[in-house]
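Peer 1: Supplied in structure tokens, the structure appears directly below.
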Amino acid sequence: MATADDFKAKGNAALQEKNFSEAIEHYTSAINLNGSNHVYYSNRSAAYLSKGDGQNALEDANSCISLNPKFAKGYGRKGAALHSLKRYNDSIASYEEGLGEFPGDKGLVSGMDSVKKEKDGPAFPSAGGLGGLGGMGGGMGGLGGMPGMGSLFGPDMMAKIAMNPKLRKYLNDEDFMTKIKTLQEDPNKLGTMLGDPKIMELFQAMLGMGGAGGMPGDDNEDMDVQTVPDEASAASESTPTPPAAASTQDSPQPMEVEEVVESDDDDDIVELDPEEEKRLAAQKKSVKAKERGNALYKAKKFDEAIAAYDEAIACDSTNMTFLSNKAAVYFTSKRWDECIETCKAAVEVGKENRAPFEDRAKAMFRCAKAYQKKKDLGNAIEMCKSAQLEHFDKTTQRLMKNMELEKRKADTLAYQDDDKAEEAKQLGNNHFRAKEWGDAVKAYEESVKRAPKNATTRNNLAAALCKVMDFNGAKRAIEVALDIDPKYVKAWARKADIEVLMKENHKAMESYKKGLALDPSNKSCRDGLQKVASMVNQGSANMTEDERKERAAHAMADPDIQNILTDPIINQILKDFNENPTAAQQAMTDPGIRGKIEKLIAAGVLQTA
């Protein structure tokens, strides 16, 4: 049977191959097996972000931080996710929070710099303007200029490079400086240089897209490839280590004891009244009984240890330590109910006699662990909360967060019911037909909770969310449907329709084509593809300059578009449109090349005449 670490390794491999949905699926399997490992959430956050799903990336980053607030990359994941969602102030706050824990961390510093540059930088200039690119079926004219690029390479560009810690090192590179001079003289030659990683890095920096912010595709961005520790070390990391007296191991551990220090000073003899003498004698007797109980506990003589602690309690009923030690014996011998009752009694004695808050919190922590062993997570979590009110402790906090995750998972599984899911789906269908969109969304969401693996319900939910203008939510729903069933043609058509509404025509074309590959006769995909192609060919002419800039900026944030622009073959073909049109036309006969060029045009990065 595959372990959580096996699924993590598969997820890492898929992420490296840019199979983001597959990576997410493997990381999810790892989380289902071990929901307390923060690395799995961190890696899945990276996969979601690489896929362009900033919202889910943010949720996983928050889970990662909750599980391990001392994990620097968790704050980087959160900052990058917020950056991708254009929530600049929140992103900066996340990086600052991380830097408060890890001052000077390079990843966090560069990530925050990237957000600030994009937030405060100039408006995105036109990345299109490649005029003269004729119809895709006929002759393609020369590759024209790129209007708006000249402002990027103005007189102040050298100062900007010198001020950028990532770029200033290139000032001593003669080849780089030669290309810079060429660009300053003729910015239209940028398209011939995008195959140079340094020029691409410069281009992104000039556009306010500095690659140090933890965005997908960063050279410095690495997956968390930590291995899950063995059971012994995992227990010490992901499962909080209770105080020594609350050891969860079968073998007894030394008790935390409160020693009564007796004075050896016999110079001053104080006469005590009989009651005080009796009390002190009882106290001494209780301490000796407790010490005997400790020794018996270490020897695994649990019944005798309990008897000794009972003797100590009988001698001094005001000391909660005796009850706490007795509860530890019950815990080690797996007598959970007796442990819980004794812990609660210890807390009451402690409150009545003003015992230290820390001691009361430790008794509550042990009680929470006993509830956890009984699978009573609700009471275990409440007991942790009570312990934190007495005395805050990071170990208790980690245990509580782990149990909260475990309880959510258990509650989700317990809530699933196929019959009730079908009832909710039919109710959603009725609301949808009646154009009651809000009620339809609620009903479909209930159905999804009852049957999360039903792709049809998620497709219906996506349709309803579109009606209430929640396109991001609709896209998340349909992507999950396709993760469940990649051959669901109707879902591919729905995904493409949503992408059209979100002005992501290049993605829509790809989705329609995937649907047609599964069913060439599908009318929704066929008609949708024709409509998008028409929009691409006619839409640019009707756009204002600001609209073109916004569209190009949106496209440049897509990792797929970035990969195409850094492909040396594509860059050579773009150059050939100017210098060797025959060679460019020949290259366009390759379906893969043609598809990439079409994608750039559909995204608005290239513009046809």
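Here, A, B, ... name the chains of the structure tokens in the order displayed, residue numbers run from 1 inside each chain, and ligands are numbered from 1 in the same displayed order.
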Show which residues sit within 7 Å of region 195-202 of chain A, as an MDAnalysis selection string. Count only C-alpha atoms, and ignore same-chain residues fewer than 5 positions away.
Peer 2: chainID A and resid 566:568 571
Peer 1: Env of region 390-393 of chain A: 10 Å cut, atoms = only C-alpha atoms, seq-sep filter 6 positions within chain, self excluded. Answer as a short mmCIF file (atom, residue, chain, number, x, y, z; two decimals) with C-alpha atoms, in the first residue's frame.
Peer 2:
```
data_model
loop_
_atom_site.label_atom_id
_atom_site.label_comp_id
_atom_site.auth_asym_id
_atom_site.auth_seq_id
_atom_site.Cartn_x
_atom_site.Cartn_y
_atom_site.Cartn_z
CA PRO A 356 0.02 27.46 39.03
CA PHE A 357 -1.81 28.05 35.74
CA GLU A 358 0.82 25.98 33.94
CA ASP A 359 0.09 22.92 36.12
CA ARG A 360 -3.64 23.22 35.46
CA ALA A 361 -2.98 23.55 31.72
CA LYS A 362 -0.83 20.40 31.74
CA MET A 364 -6.04 19.66 30.68
CA PHE A 365 -3.54 18.78 27.95
CA CYS A 384 -7.07 22.11 24.37
#
```
Peer 1: As a PyMOL selection string, please: the residues near region 461-471 of chain A (cut-off 6 Å, only C-alpha atoms, same-chain neighbours under 4 positions excluded).
Peer 2: chain A and resi 437+441+444+477-478
Peer 1: In Å, rounded to a single decimal, give me how far CA of Glu504 (chain A) is from CA of Ala440 (chain A).
Peer 2: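 Atom-to-atom, CA of Ala440 (chain A) and CA of Glu504 (chain A) are spaced 26.2 Å apart.
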Peer 1: At a cut-off of 9 Å, using only C-alpha atoms, what residues contact region 163-168 of chain A? Leave out same-chain residues fewer than 2 positions from it and give the result as an MDAnalysis selection string.
Peer 2: chainID A and resid 158:161 170:172 198 201:202 205 212
Peer 1: Next, write the just-selected residues to a file, as a tab-separated table (two decimals), in the first residue's frame, keeping N, CA and C atoms as the atom set.
Peer 2:
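Saved result, again.tsv, follows:
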```tsv
chain	number	residue	atom	x	y	z
A	158	MET	N	19.17	52.19	-17.67
A	158	MET	CA	20.42	51.77	-17.06
A	158	MET	C	20.39	52.01	-15.55
A	159	ALA	N	19.76	53.10	-15.14
A	159	ALA	CA	19.64	53.37	-13.70
A	159	ALA	C	18.78	52.31	-13.03
A	160	LYS	N	17.71	51.91	-13.72
A	160	LYS	CA	16.83	50.88	-13.15
A	160	LYS	C	17.58	49.55	-13.01
A	161	ILE	N	18.40	49.22	-14.00
A	161	ILE	CA	19.17	47.98	-13.92
A	161	ILE	C	20.15	48.04	-12.76
A	170	TYR	N	24.61	41.95	-14.37
A	170	TYR	CA	24.78	41.80	-15.82
A	170	TYR	C	25.47	43.02	-16.45
A	171	LEU	N	25.70	44.06	-15.68
A	171	LEU	CA	26.31	45.27	-16.24
A	171	LEU	C	27.74	45.01	-16.71
A	172	ASN	N	28.35	43.93	-16.18
A	172	ASN	CA	29.72	43.58	-16.60
A	172	ASN	C	29.74	42.56	-17.73
A	198	LYS	N	18.56	36.22	-19.89
A	198	LYS	CA	18.86	37.49	-19.23
A	198	LYS	C	17.95	38.59	-19.76
A	201	GLU	N	14.52	38.07	-18.42
A	201	GLU	CA	14.46	38.51	-17.02
A	201	GLU	C	14.35	40.03	-16.96
A	202	LEU	N	15.13	40.71	-17.81
A	202	LEU	CA	15.06	42.16	-17.88
A	202	LEU	C	13.67	42.61	-18.32
A	205	ALA	N	11.23	42.30	-15.56
A	205	ALA	CA	11.47	43.30	-14.53
A	205	ALA	C	10.96	44.67	-14.98
A	212	ALA	N	11.14	37.19	-8.57
A	212	ALA	CA	11.60	36.73	-7.27
A	212	ALA	C	10.47	36.61	-6.28
```
Peer 1: Taking 2 positions as the minimum chain separation for residues in the same chain, which residues sit within 12 Å of Glu406 (chain A) when counting only C-alpha atoms? Answer as a list in words.
Peer 2: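 Residues near the query, excluding close chain neighbours: Ile31, Asn32, Leu33, Asn34, Gly35, Ser36, Asn37, Leu67, Gln372, Lys375, Asp376, Leu377, Gly378, Ala380, Ile381, Leu399, Met400, Lys401, Asn402, Met403, Glu404, Arg408, Lys409, Ala410, Asp411, Thr412 and Leu413 of chain A.
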Peer 1: Between CA of Glu338 (chain A) and CA of Lys301 (chain A), what distance in Å does the model show, to one decimal?
Peer 2: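 Going from CA of Glu338 (chain A) over to CA of Lys301 (chain A) covers 16.9 Å.
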